[in-house]
Amino acid sequence: MNESLVVNDSSATPVVGEALPWLEAESAEHNGSLEFSTAPLDFPINPWDIMLCMSGTVIACENAIVVAIIFYTPTLRTPMFVLIGSLATADLLAGMGLILNFVFQYVISSETISLITVGFLVASFTASISSLLAITVDRYFSLYNALTYFSEKTLQYVHLMLLGTWGVSLFLGLLPVLGWNCLDEPSSCSIVRPLTRSNLMLLATSFFAIFMLMLTLYFKICKIVCHHAHQIALQQHFFATSHYVATKKGVSTLAIILGTFGASWLPFAIYCLVGEKEYPSVYTYATLLPATYNSMINPIIYAYRNAEIQRSIYMLLCGCFQANKAYRSRSPSEV
């Protein structure tokens, strides 16, 4: 859903020397939407562009490590790690997209490359959000059907979820390239040019649907966790402090996961619905930049906190990586 563009005067077509690579520096006379530049550039680099590029660099580096660890560790082939690998891959592509978009905007002036770049970013970030939903669904079923979770059928369901996730993401990313853009009709542009307002509203509405579904599933997960803790307490005839701490920790972790996701994406999603292309571009930047931070935080929440990935990284850094070392993979409910 993120794309790098430049701010144009909403009432005029950009001319040579009047466009910045991603956004023009905000000024009193320049209000408008983000859009791609197709004109030679003579202005200094926009600080917002630098921050987005830096964000993309951190995102790419963090997630490249996760992808490499999961790919080269045969023991990390459980449904949970397959989904984490999908999330890391999507975030890695998003980070690379932010970097490439920055380079292309300041080096190459081409509408074709602009459309490909925005489509690439839409597909990558959509895949990232959809992978988060898939992880949530997997966590729910790992608790709801704990006895049958580690089975071949579960892995088949995971592959089907990933097929749907990446298929829908690729489809949404191709829409601007295939013609759903506002290059020929500037009046239909959204706050993120060259996406049309209807296209951006579709993406924002899809986000809200995913967010509400995740909220519902995490609420059910909390109920299951609390119920399990209560059952254990009844079996032992008292509610041990350790059970209370474990339950509180589990609920707190779920709150952090959902809170981080919402805090990162909600401002931008809301602004996509209410914003107009004539509004100052600083509003778009102020909501767009935090949205990229979600891809920066994802590997910390879903990968680096996992004991098995920590072990793999430690062994790799120590030069004693043992690919065939066997140890039990934890279920999503334990992460």
# chains A, B, ... in the order shown; residues from 1 in each chain; ligands from 1

call {"tool": "residues_around", "arguments": {"residues": "stretch 200-202 of chain A", "least_positions_apart": "6", "cutoff": "7 Å", "atoms": "only C-alpha atoms", "output": "PyMOL selection string"}}
result
chain A and resi 190+272-273

call {"tool": "write_last_selection", "arguments": {"atoms": "N, CA and C atoms", "output": "short mmCIF file (atom, residue, chain, number, x, y, z; two decimals), in the first residue's frame"}}
result
data_model
loop_
_atom_site.label_atom_id
_atom_site.label_comp_id
_atom_site.auth_asym_id
_atom_site.auth_seq_id
_atom_site.Cartn_x
_atom_site.Cartn_y
_atom_site.Cartn_z
N SER A 190 -5.68 10.11 -6.17
CA SER A 190 -5.81 10.07 -4.72
C SER A 190 -4.63 10.81 -4.10
N CYS A 272 -6.19 7.60 3.96
CA CYS A 272 -6.50 7.20 2.58
C CYS A 272 -7.99 7.38 2.27
N LEU A 273 -8.83 7.23 3.29
CA LEU A 273 -10.27 7.37 3.09
C LEU A 273 -10.74 8.81 3.14
#

call {"tool": "closest_atom_pairs", "arguments": {"of": "stretch 90-197 of chain A", "to": "stretch 292-309 of chain A", "cutoff": "9 Å", "atoms": "only C-alpha atoms", "output": "Markdown table"}}
result
| residue | atom | partner | partner_atom | distance |
| --- | --- | --- | --- | --- |
| A:Ala90 | CA | A:Ser295 | CA | 8.8 |
| A:Asp91 | CA | A:Ser295 | CA | 5.5 |
| A:Leu92 | CA | A:Ser295 | CA | 8.3 |
| A:Ala94 | CA | A:Ser295 | CA | 8.0 |
| A:Gly95 | CA | A:Ser295 | CA | 8.1 |
| A:Phe125 | CA | A:Ser295 | CA | 8.4 |
| A:Ser128 | CA | A:Ser295 | CA | 7.6 |
| A:Leu132 | CA | A:Asn298 | CA | 8.9 |

call {"tool": "select_by_dssp", "arguments": {"residues": "stretch 55-238 of chain A", "states": "helix (DSSP H, G or I)", "output": "VMD selection string"}}
result
chain A and resid 55 to 72 79 to 107 111 to 144 146 to 148 152 to 177 186 to 188 197 to 235

call {"tool": "closest_residue", "arguments": {"among": "A:Pro79, A:Thr253, A:Glu276, A:Trp166", "to": "A:Ser187", "atoms": "only C-alpha atoms"}}
result
A:Glu276

call {"tool": "closest_residue", "arguments": {"among": "A:Ala88, A:Ala127, A:Met51, A:Leu289", "to": "A:Val67", "atoms": "only C-alpha atoms"}}
result
A:Ala88

call {"tool": "atom_distance", "arguments": {"atom1": "atom CA of A:Thr78", "atom2": "atom CA of A:Met214"}}
result
21.7 Å

call {"tool": "closest_residue", "arguments": {"among": "A:Ile191, A:Leu100, A:Ile257, A:Val107", "to": "A:Leu215", "atoms": "only C-alpha atoms"}}
result
A:Ile257

call {"tool": "residues_around", "arguments": {"residues": "stretch 147-158 of chain A", "least_positions_apart": "4", "cutoff": "12 Å", "atoms": "only C-alpha atoms", "output": "PyMOL selection string"}}
result
chain A and resi 77-86+131+133-143+162-165+328-333

call {"tool": "atom_distance", "arguments": {"atom1": "atom CA of A:Val225", "atom2": "atom CA of A:Leu87"}}
result
24.4 Å

call {"tool": "closest_residue", "arguments": {"among": "A:Ala291, A:Cys318, A:Ile313, A:Val251", "to": "A:Ala68", "atoms": "only C-alpha atoms"}}
result
A:Ile313

call {"tool": "closest_residue", "arguments": {"among": "A:Leu160, A:Leu115, A:Ile99, A:Val192", "to": "A:Tyr279", "atoms": "only C-alpha atoms"}}
result
A:Val192

call {"tool": "atom_distance", "arguments": {"atom1": "atom CA of A:Ile59", "atom2": "atom CA of A:Phe261"}}
result
15.3 Å

call {"tool": "closest_residue", "arguments": {"among": "A:Val282, A:Leu288, A:Leu174, A:Leu254", "to": "A:Leu266", "atoms": "only C-alpha atoms"}}
result
A:Leu288
